[in-house]
Each structure stands twice: as C-alpha cells, then as structure tokens.
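Note: the block below is final13.pdb and it holds PDB, C-alpha atoms.
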ATOM      1  CA  MET H   1    -102.445-218.502  30.125
ATOM      2  CA  PRO H   2    -100.494-221.386  28.653
ATOM      3  CA  ASP H   3     -99.080-221.023  25.212
ATOM      4  CA  ALA H   4    -100.266-223.759  22.791
ATOM      5  CA  ASP H   5     -96.970-223.664  20.903
ATOM      6  CA  ASN H   6     -95.005-224.177  24.102
ATOM      7  CA  ASP H   7     -97.183-227.187  25.025
ATOM      8  CA  LEU H   8     -96.345-228.825  21.710
ATOM      9  CA  ILE H   9     -92.668-228.206  22.239
ATOM     10  CA  ASP H  10     -92.863-229.507  25.820
ATOM     11  CA  ASP H  11     -94.583-232.716  24.596
ATOM     12  CA  GLN H  12     -92.016-233.412  21.863
ATOM     13  CA  PRO H  13     -89.401-235.055  24.082
ATOM     14  CA  ASP H  14     -92.069-237.370  25.482
ATOM     15  CA  GLN H  15     -93.252-238.259  21.969
ATOM     16  CA  LEU H  16     -89.683-238.753  20.789
ATOM     17  CA  ALA H  17     -89.022-241.018  23.717
ATOM     18  CA  ALA H  18     -92.208-242.990  22.979
ATOM     19  CA  ASN H  19     -91.322-243.218  19.275
ATOM     20  CA  GLY H  20     -87.787-244.263  20.160
ATOM     21  CA  SER H  21     -89.153-247.002  22.409
ATOM     22  CA  ALA H  22     -91.423-248.200  19.596
ATOM     23  CA  PHE H  23     -88.470-248.181  17.197
ATOM     24  CA  GLU H  24     -86.386-250.141  19.676
ATOM     25  CA  ALA H  25     -89.231-252.653  20.093
ATOM     26  CA  VAL H  26     -89.547-253.133  16.318
ATOM     27  CA  THR H  27     -85.782-253.455  15.967
ATOM     28  CA  LYS H  28     -85.692-255.953  18.825
ATOM     29  CA  ASN H  29     -88.504-258.004  17.176
ATOM     30  CA  ASN H  30     -86.648-257.963  13.838
ATOM     31  CA  ASP H  31     -83.450-259.060  15.566
ATOM     32  CA  GLU H  32     -85.359-261.878  17.301
ATOM     33  CA  ASN H  33     -86.902-262.985  13.965
ATOM     34  CA  ILE H  34     -83.473-262.963  12.321
ATOM     35  CA  GLY H  35     -82.135-264.901  15.292
ATOM     36  CA  GLN H  36     -84.997-267.406  14.956
ATOM     37  CA  ASN H  37     -84.344-267.770  11.209
ATOM     38  CA  ARG H  38     -80.643-268.242  11.928
ATOM     39  CA  SER H  39     -81.639-270.657  14.649
ATOM     40  CA  LYS H  40     -83.868-272.626  12.205
ATOM     41  CA  PHE H  41     -81.077-272.651   9.617
ATOM     42  CA  GLY H  42     -78.639-273.690  12.310
ATOM     43  CA  LYS H  43     -80.979-276.499  13.350
ATOM     44  CA  PHE H  44     -81.172-277.616   9.719
ATOM     45  CA  ILE H  45     -77.381-277.619   9.440
ATOM     46  CA  ASP H  46     -77.151-279.578  12.699
ATOM     47  CA  PHE H  47     -79.712-282.072  11.365
ATOM     48  CA  VAL H  48     -77.717-282.520   8.154
ATOM     49  CA  LYS H  49     -74.506-283.010  10.110
ATOM     50  CA  ARG H  50     -76.102-285.569  12.425
ATOM     51  CA  HIS H  51     -77.794-287.522   9.613
ATOM     52  CA  LYS H  52     -75.317-287.092   6.774
ATOM     53  CA  ILE H  53     -74.797-290.835   6.239
ATOM     54  CA  ALA H  54     -78.548-291.503   6.005
ATOM     55  CA  LEU H  55     -79.011-288.527   3.666
ATOM     56  CA  ILE H  56     -76.150-289.701   1.447
ATOM     57  CA  ILE H  57     -77.708-293.191   1.277
ATOM     58  CA  VAL H  58     -81.093-291.719   0.289
ATOM     59  CA  ILE H  59     -79.561-289.473  -2.390
ATOM     60  CA  VAL H  60     -77.397-292.251  -3.872
ATOM     61  CA  THR H  61     -80.328-294.696  -3.862
ATOM     62  CA  THR H  62     -82.543-292.157  -5.634
ATOM     63  CA  ILE H  63     -79.898-291.546  -8.295
ATOM     64  CA  ILE H  64     -79.397-295.294  -8.824
ATOM     65  CA  LEU H  65     -83.147-295.922  -9.138
ATOM     66  CA  ALA H  66     -83.511-293.080 -11.645
ATOM     67  CA  ALA H  67     -80.599-294.443 -13.692
ATOM     68  CA  VAL H  68     -82.019-297.974 -13.623
ATOM     69  CA  TYR H  69     -85.416-296.662 -14.723
ATOM     70  CA  VAL H  70     -83.856-294.920 -17.711
ATOM     71  CA  LEU H  71     -81.341-297.623 -18.612
ATOM     72  CA  ILE H  72     -83.554-300.729 -18.408
ATOM     73  CA  PRO H  73     -85.181-300.902 -21.850
ATOM     74  CA  VAL H  74     -88.504-302.501 -20.805
ATOM     75  CA  ILE H  75     -90.148-302.432 -17.379
ATOM     76  CA  SER H  76     -93.267-304.613 -17.045
ATOM     77  CA  ILE H  77     -95.906-303.709 -14.478
ATOM     78  CA  SER H  78     -98.922-306.015 -14.800
ATOM     79  CA  LYS H  79    -100.348-305.300 -18.277
ATOM     80  CA  LEU H  80     -98.326-302.101 -18.740
ATOM     81  CA  LYS H  81     -94.872-302.074 -20.315
ATOM     82  CA  LEU H  82     -92.773-298.956 -19.878
ATOM     83  CA  VAL H  83     -90.299-298.766 -22.728
ATOM     84  CA  ASN H  84     -87.604-296.559 -24.220
ATOM     85  CA  ALA H  85     -88.173-295.356 -27.790
ATOM     86  CA  GLY H  86     -86.606-297.652 -30.384
ATOM     87  CA  THR H  87     -86.622-300.719 -28.122
ATOM     88  CA  VAL H  88     -88.101-303.951 -29.465
ATOM     89  CA  LEU H  89     -90.712-305.454 -27.144
ATOM     90  CA  ARG H  90     -93.226-308.286 -27.255
ATOM     91  CA  LEU H  91     -96.781-306.964 -26.930
ATOM     92  CA  GLN H  92     -99.912-309.068 -26.566
ATOM     93  CA  GLN H  93    -103.464-307.967 -27.229
ATOM     94  CA  ASP H  94    -104.303-307.147 -23.591
ATOM     95  CA  GLN H  95    -101.106-305.163 -22.928
ATOM     96  CA  ILE H  96    -100.185-301.495 -23.314
ATOM     97  CA  ALA H  97     -96.718-300.201 -24.151
ATOM     98  CA  LYS H  98     -95.959-296.662 -22.962
ATOM     99  CA  LEU H  99     -92.845-294.619 -23.614
ATOM    100  CA  LYS H 100     -91.108-293.685 -20.366
ATOM    101  CA  VAL H 101     -90.286-290.079 -21.166
ATOM    102  CA  SER H 102     -93.316-288.907 -23.152
ATOM    103  CA  ASP H 103     -97.073-289.299 -23.323
ATOM    104  CA  VAL H 104     -97.068-291.950 -26.063
ATOM    105  CA  SER H 105     -98.702-295.353 -25.703
ATOM    106  CA  VAL H 106     -99.735-298.179 -28.002
ATOM    107  CA  LYS H 107    -101.972-301.199 -27.684
ATOM    108  CA  ILE H 108    -102.948-303.934 -30.072
ATOM    109  CA  VAL H 109    -106.567-303.650 -31.144
ATOM    110  CA  HIS H 110    -106.860-306.598 -33.510
ATOM    111  CA  PHE H 111    -104.905-309.307 -35.304
ATOM    112  CA  THR H 112    -105.757-310.293 -38.882
ATOM    113  CA  ASP H 113    -104.629-313.694 -40.137
ATOM    114  CA  GLU H 114    -106.808-314.542 -43.084
ATOM    115  CA  PRO H 115    -105.472-317.299 -45.316
ATOM    116  CA  CYS H 116    -105.980-317.073 -49.030
ATOM    117  CA  PRO H 117    -109.393-318.506 -49.999
ATOM    118  CA  ASP H 118    -109.224-321.783 -51.898
ATOM    119  CA  ASP H 119    -110.971-320.356 -54.971
ATOM    120  CA  LYS H 120    -108.603-317.327 -55.236
ATOM    121  CA  THR H 121    -105.046-316.876 -56.355
ATOM    122  CA  CYS H 122    -103.088-314.923 -53.734
ATOM    123  CA  PHE H 123     -99.586-313.601 -53.626
ATOM    124  CA  GLY H 124     -97.976-314.497 -50.311
ATOM    125  CA  SER H 125     -99.976-316.347 -47.695
ATOM    126  CA  GLY H 126    -103.088-314.165 -47.503
ATOM    127  CA  GLN H 127    -103.819-311.064 -45.452
ATOM    128  CA  LYS H 128    -101.893-310.719 -42.233
ATOM    129  CA  ALA H 129    -101.835-307.541 -40.187
ATOM    130  CA  VAL H 130    -101.739-306.115 -36.687
ATOM    131  CA  GLU H 131    -103.966-303.128 -35.919
ATOM    132  CA  TYR H 132    -102.796-300.715 -33.233
ATOM    133  CA  GLN H 133    -104.244-297.830 -31.302
ATOM    134  CA  LEU H 134    -101.528-295.204 -30.890
ATOM    135  CA  SER H 135    -102.024-292.407 -28.362
ATOM    136  CA  ILE H 136     -99.822-289.305 -28.626
ATOM    137  CA  ASP H 137    -100.416-286.581 -26.013
ATOM    138  CA  GLY H 138    -103.978-287.831 -25.488
ATOM    139  CA  GLN H 139    -104.802-287.880 -29.226
ATOM    140  CA  GLN H 140    -105.880-291.343 -30.460
ATOM    141  CA  TYR H 141    -104.767-292.730 -33.835
ATOM    142  CA  ALA H 142    -105.607-296.007 -35.547
ATOM    143  CA  THR H 143    -102.684-297.550 -37.393
ATOM    144  CA  GLY H 144    -101.430-300.955 -38.358
ATOM    145  CA  SER H 145     -98.594-303.050 -39.673
ATOM    146  CA  GLN H 146     -99.976-302.585 -43.192
ATOM    147  CA  THR H 147    -101.012-298.917 -42.816
ATOM    148  CA  PRO H 148     -98.367-296.642 -41.268
ATOM    149  CA  LEU H 149     -99.583-293.407 -39.729
ATOM    150  CA  LYS H 150     -98.813-290.297 -41.773
ATOM    151  CA  GLY H 151     -97.832-286.971 -40.271
ATOM    152  CA  ALA H 152     -97.337-288.225 -36.707
ATOM    153  CA  LYS H 153     -94.221-287.792 -34.580
ATOM    154  CA  TYR H 154     -94.151-291.512 -33.765
ATOM    155  CA  GLN H 155     -94.571-294.722 -35.766
ATOM    156  CA  ILE H 156     -95.020-298.343 -34.777
ATOM    157  CA  GLU H 157     -92.831-300.830 -36.576
ATOM    158  CA  THR H 158     -93.937-304.458 -36.498
ATOM    159  CA  ILE H 159     -90.782-306.576 -36.307
ATOM    160  CA  GLU H 160     -92.422-309.990 -36.026
ATOM    161  CA  SER H 161     -95.850-311.423 -35.223
ATOM    162  CA  ASP H 162     -97.799-314.667 -35.241
ATOM    163  CA  TYR H 163    -100.862-312.508 -36.185
ATOM    164  CA  LYS H 164    -102.875-314.290 -33.493
ATOM    165  CA  THR H 165    -101.514-313.562 -30.014
ATOM    166  CA  TYR H 166     -98.454-311.283 -30.052
ATOM    167  CA  ALA H 167     -96.393-308.815 -32.020
ATOM    168  CA  ASN H 168     -92.793-307.770 -31.516
ATOM    169  CA  ILE H 169     -92.894-304.047 -32.089
ATOM    170  CA  LYS H 170     -90.751-300.941 -31.863
ATOM    171  CA  ILE H 171     -92.043-297.417 -31.199
ATOM    172  CA  ILE H 172     -89.967-295.061 -33.291
ATOM    173  CA  LYS H 173     -89.727-291.312 -32.818
ATOM    174  CA  LEU H 174     -89.518-289.535 -36.163
ATOM    175  CA  LYS H 175     -87.460-286.412 -36.650
TER     176      LYS H 175
END
File written out as structure tokens:
Amino acid sequence: MPDADNDLIDDQPDQLAANGSAFEAVTKNNDENIGQNRSKFGKFIDFVKRHKIALIIVIVTTIILAAVYVLIPVISISKLKLVNAGTVLRLQQDQIAKLKVSDVSVKIVHFTDEPCPDDKTCFGSGQKAVEYQLSIDGQQYATGSQTPLKGAKYQIETIESDYKTYANIKIIKLK
C-alpha cells in the first residue's frame, strides 16, 4: 500500500521544477518588458539625436513667442485688447481690454458728455464721465471715471477721453 506522505515527497521535485519554470517565465517576461522600456527610451533618445536641430528651433521659437507675448504691452485681436497691468491703452465702446496674466477685463458701457444747461451756472464744462464694466475673476462691477471702485484689487484710471467715442485708460493693480 502506498504511503501518502511518500507520494507528497515524491511529487515535490516535480512541483519545484514546475514552480521554477513559472518563476523563470515571469523573470523572462519582466526582463523583456524592461528591455522594451529601454528600447522605447532608446528610440526616444535616437529620435532626439536625429531631430535635435528641429527640436531646438521649436523650443527657441516657443520661448521667443512667450517673451513677445509678455513684453508687448498691448496685443489687439479684433475687438479684444490683451494688455499688461499699468499700460495705457485706447479703448472704444465696442472693445474689451483684458489683462494678460489674470482674469480681469474692462469694457466701456457708456459715455456721458452733458454740457451745462443754459439756465444753470456750472463749474467746469458740465458732466463728463466714462462708465465701465470691470470683471474680476468672473465678478462684475460697475465703475466709472467719476466713481472709483472701492475695495477691489484693480482700478481703472481714465487718462484722457473725448467722452463720446474713446477713452485712454490704465488698469491698475492695487496692493
């Protein structure tokens, strides 16, 4: 009669051999994956070496365009003017000025150029103002050349205006 304990012992070398083969297969697969990853990295390095001049041109062009974008004070795109803070720009009623590096924009809502009525005594030449809509991080504010906005991080300074068609303004970031 066969001994059950002896059968288990007799089967162990076969199981060890099978487990060893499985371990070798897993190790071989891992080595192949590492080789493929090295191969992909090697292909990338080869690509960079073969196309280094084109890559350098792309990188330099990107850096130059980014510098130009930041350094040019006003960039006009149709009715939108991208501007740096503190830069004076001419804005008409149908245009929007937007700061380049933050979510701040301004547009002219209305011009007021009311001369002094004939039957009144006025100081100056009557009521003249520019009304703006200032947007800061999606929040809308109404402000004007006569009524500065209180408590906001940005202000609009009217430098010059004809109070009919345009205003030269500056968007100022407060500290």
| task | Give me the result of the PyMOL selection byres ((chain H and resi 75-90) around 9) on this file, residue by residue, as an MDAnalysis selection string. | result | chainID H and resid 69:74 91:92 94:101 159:161 166:173
| query | Hey, which of H:Lys153, H:Asp118, H:Val60, H:Phe111 ends up closest to Gln139 in chain H? Count all atoms listed in the file. | reply |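 When distances to Gln139 in chain H are compared using all atoms listed in the file, the smallest one comes from H:Lys153.
In this structure, CA of Leu134 in chain H sits 20.3 Å away from CA of Asp162 in chain H.
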Might I get the box with edges along x, y and z of the file that holds all atoms of range 81-93 of chain H listed there, padded by 8 Å on every side, given as centre and edge lengths in Å to one decimal, as AutoDock Vina command-line options?
--center_x -95.0 --center_y -302.2 --center_z -25.1 --size_x 32.9 --size_y 29.7 --size_z 26.5
| message | To one decimal place in Å, what is the distance between CA of Leu65 in chain H and CA of Ile45 in chain H? | response |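 Atom-to-atom, CA of Leu65 in chain H and CA of Ile45 in chain H are spaced 26.7 Å apart.
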| request: Mind giving me the straight-line distance from CA of Tyr141 in chain H to CA of Ser105 in chain H in Å, one decimal? | output: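 These atoms are spaced 10.5 Å apart.
Nearest to Ser145 in chain H of all the residues H:Asp119, H:Asp103, H:Glu131, H:Asp46 is H:Glu131, counting all atoms listed in the file.
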| said: Would you pick out the contacts of Gly138 in chain H at 9 Å or less, using only C-alpha atoms, so that residues sharing its chain but fewer than 2 positions from it are not included, and give the list as a PyMOL selection string? | reply: chain H and resi 103-104+135-136+140
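With all atoms listed in the file as the basis for measurement, H:Lys164 is the residue among H:Lys164, H:Arg50, H:Lys175, H:Lys43 that approaches Val109 in chain H most closely.
Candidate residues H:Lys150, H:Lys40, H:His110, H:Lys49 were compared for distance to Lys128 in chain H, and the nearest is H:His110, using only C-alpha atoms.
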| said: List as an MDAnalysis selection string the residues having at least one atom at most 9 Å from position (-103.8, -298.8, -40.1) as given in the file, counting all atoms listed in the file. | reply: chainID H and resid 129:133 141:149
Hey, could you patch up range 101-130 of chain H with N, CA and C atoms and hand it over as an mmCIF file, keeping the file's coordinate frame?
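The file below, part_1.cif, is the result:
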data_model
loop_
_atom_site.group_PDB
_atom_site.id
_atom_site.type_symbol
_atom_site.label_atom_id
_atom_site.label_comp_id
_atom_site.auth_asym_id
_atom_site.auth_seq_id
_atom_site.Cartn_x
_atom_site.Cartn_y
_atom_site.Cartn_z
ATOM 1 N N VAL H 101 -90.552 -291.509 -21.289
ATOM 2 C CA VAL H 101 -90.286 -290.079 -21.166
ATOM 3 C C VAL H 101 -91.253 -289.186 -21.934
ATOM 4 N N SER H 102 -92.329 -289.739 -22.461
ATOM 5 C CA SER H 102 -93.316 -288.907 -23.152
ATOM 6 C C SER H 102 -94.687 -289.554 -23.047
ATOM 7 N N ASP H 103 -95.696 -288.806 -23.415
ATOM 8 C CA ASP H 103 -97.073 -289.299 -23.323
ATOM 9 C C ASP H 103 -97.455 -290.010 -24.621
ATOM 10 N N VAL H 104 -96.806 -291.151 -24.871
ATOM 11 C CA VAL H 104 -97.068 -291.950 -26.063
ATOM 12 C C VAL H 104 -97.306 -293.387 -25.600
ATOM 13 N N SER H 105 -98.421 -293.958 -26.040
ATOM 14 C CA SER H 105 -98.702 -295.353 -25.703
ATOM 15 C C SER H 105 -99.312 -296.051 -26.915
ATOM 16 N N VAL H 106 -99.201 -297.376 -26.903
ATOM 17 C CA VAL H 106 -99.735 -298.179 -28.002
ATOM 18 C C VAL H 106 -100.318 -299.458 -27.430
ATOM 19 N N LYS H 107 -101.416 -299.894 -28.026
ATOM 20 C CA LYS H 107 -101.972 -301.199 -27.684
ATOM 21 C C LYS H 107 -102.465 -301.855 -28.959
ATOM 22 N N ILE H 108 -102.473 -303.176 -28.927
ATOM 23 C CA ILE H 108 -102.948 -303.934 -30.072
ATOM 24 C C ILE H 108 -104.467 -304.006 -29.990
ATOM 25 N N VAL H 109 -105.108 -303.629 -31.084
ATOM 26 C CA VAL H 109 -106.567 -303.650 -31.144
ATOM 27 C C VAL H 109 -107.062 -304.963 -31.746
ATOM 28 N N HIS H 110 -106.356 -305.429 -32.793
ATOM 29 C CA HIS H 110 -106.860 -306.598 -33.510
ATOM 30 C C HIS H 110 -105.739 -307.245 -34.325
ATOM 31 N N PHE H 111 -105.797 -308.560 -34.414
ATOM 32 C CA PHE H 111 -104.905 -309.307 -35.304
ATOM 33 C C PHE H 111 -105.721 -309.782 -36.500
ATOM 34 N N THR H 112 -105.119 -309.761 -37.684
ATOM 35 C CA THR H 112 -105.757 -310.293 -38.882
ATOM 36 C C THR H 112 -104.843 -311.376 -39.447
ATOM 37 N N ASP H 113 -105.386 -312.576 -39.562
ATOM 38 C CA ASP H 113 -104.629 -313.694 -40.137
ATOM 39 C C ASP H 113 -105.596 -314.477 -41.015
ATOM 40 N N GLU H 114 -105.868 -313.912 -42.168
ATOM 41 C CA GLU H 114 -106.808 -314.542 -43.084
ATOM 42 C C GLU H 114 -106.033 -315.251 -44.185
ATOM 43 N N PRO H 115 -106.150 -316.578 -44.235
ATOM 44 C CA PRO H 115 -105.472 -317.299 -45.316
ATOM 45 C C PRO H 115 -106.145 -317.002 -46.658
ATOM 46 N N CYS H 116 -105.431 -317.282 -47.692
ATOM 47 C CA CYS H 116 -105.980 -317.073 -49.030
ATOM 48 C C CYS H 116 -107.118 -318.067 -49.271
ATOM 49 N N PRO H 117 -108.284 -317.586 -49.716
ATOM 50 C CA PRO H 117 -109.393 -318.506 -49.999
ATOM 51 C C PRO H 117 -108.993 -319.524 -51.081
ATOM 52 N N ASP H 118 -109.573 -320.704 -50.974
ATOM 53 C CA ASP H 118 -109.224 -321.783 -51.898
ATOM 54 C C ASP H 118 -109.526 -321.427 -53.344
ATOM 55 N N ASP H 119 -110.588 -320.660 -53.597
ATOM 56 C CA ASP H 119 -110.971 -320.356 -54.971
ATOM 57 C C ASP H 119 -110.268 -319.117 -55.535
ATOM 58 N N LYS H 120 -109.315 -318.531 -54.799
ATOM 59 C CA LYS H 120 -108.603 -317.327 -55.236
ATOM 60 C C LYS H 120 -107.127 -317.639 -55.427
ATOM 61 N N THR H 121 -106.496 -316.807 -56.214
ATOM 62 C CA THR H 121 -105.046 -316.876 -56.355
ATOM 63 C C THR H 121 -104.471 -315.695 -55.595
ATOM 64 N N CYS H 122 -103.636 -315.972 -54.591
ATOM 65 C CA CYS H 122 -103.088 -314.923 -53.734
ATOM 66 C C CYS H 122 -101.576 -314.904 -53.871
ATOM 67 N N PHE H 123 -101.038 -313.747 -53.700
ATOM 68 C CA PHE H 123 -99.586 -313.601 -53.626
ATOM 69 C C PHE H 123 -99.224 -313.567 -52.150
ATOM 70 N N GLY H 124 -98.295 -314.386 -51.725
ATOM 71 C CA GLY H 124 -97.976 -314.497 -50.311
ATOM 72 C C GLY H 124 -98.936 -315.480 -49.674
ATOM 73 N N SER H 125 -99.150 -315.363 -48.397
ATOM 74 C CA SER H 125 -99.976 -316.347 -47.695
ATOM 75 C C SER H 125 -101.321 -315.774 -47.256
ATOM 76 N N GLY H 126 -101.811 -314.754 -47.888
ATOM 77 C CA GLY H 126 -103.088 -314.165 -47.503
ATOM 78 C C GLY H 126 -102.875 -312.835 -46.804
ATOM 79 N N GLN H 127 -103.902 -312.366 -46.117
ATOM 80 C CA GLN H 127 -103.819 -311.064 -45.452
ATOM 81 C C GLN H 127 -103.448 -311.251 -43.989
ATOM 82 N N LYS H 128 -102.338 -310.678 -43.618
ATOM 83 C CA LYS H 128 -101.893 -310.719 -42.233
ATOM 84 C C LYS H 128 -101.553 -309.296 -41.807
ATOM 85 N N ALA H 129 -102.088 -308.897 -40.665
ATOM 86 C CA ALA H 129 -101.835 -307.541 -40.187
ATOM 87 C C ALA H 129 -102.077 -307.461 -38.684
ATOM 88 N N VAL H 130 -101.498 -306.447 -38.089
ATOM 89 C CA VAL H 130 -101.739 -306.115 -36.687
ATOM 90 C C VAL H 130 -102.250 -304.678 -36.671
#
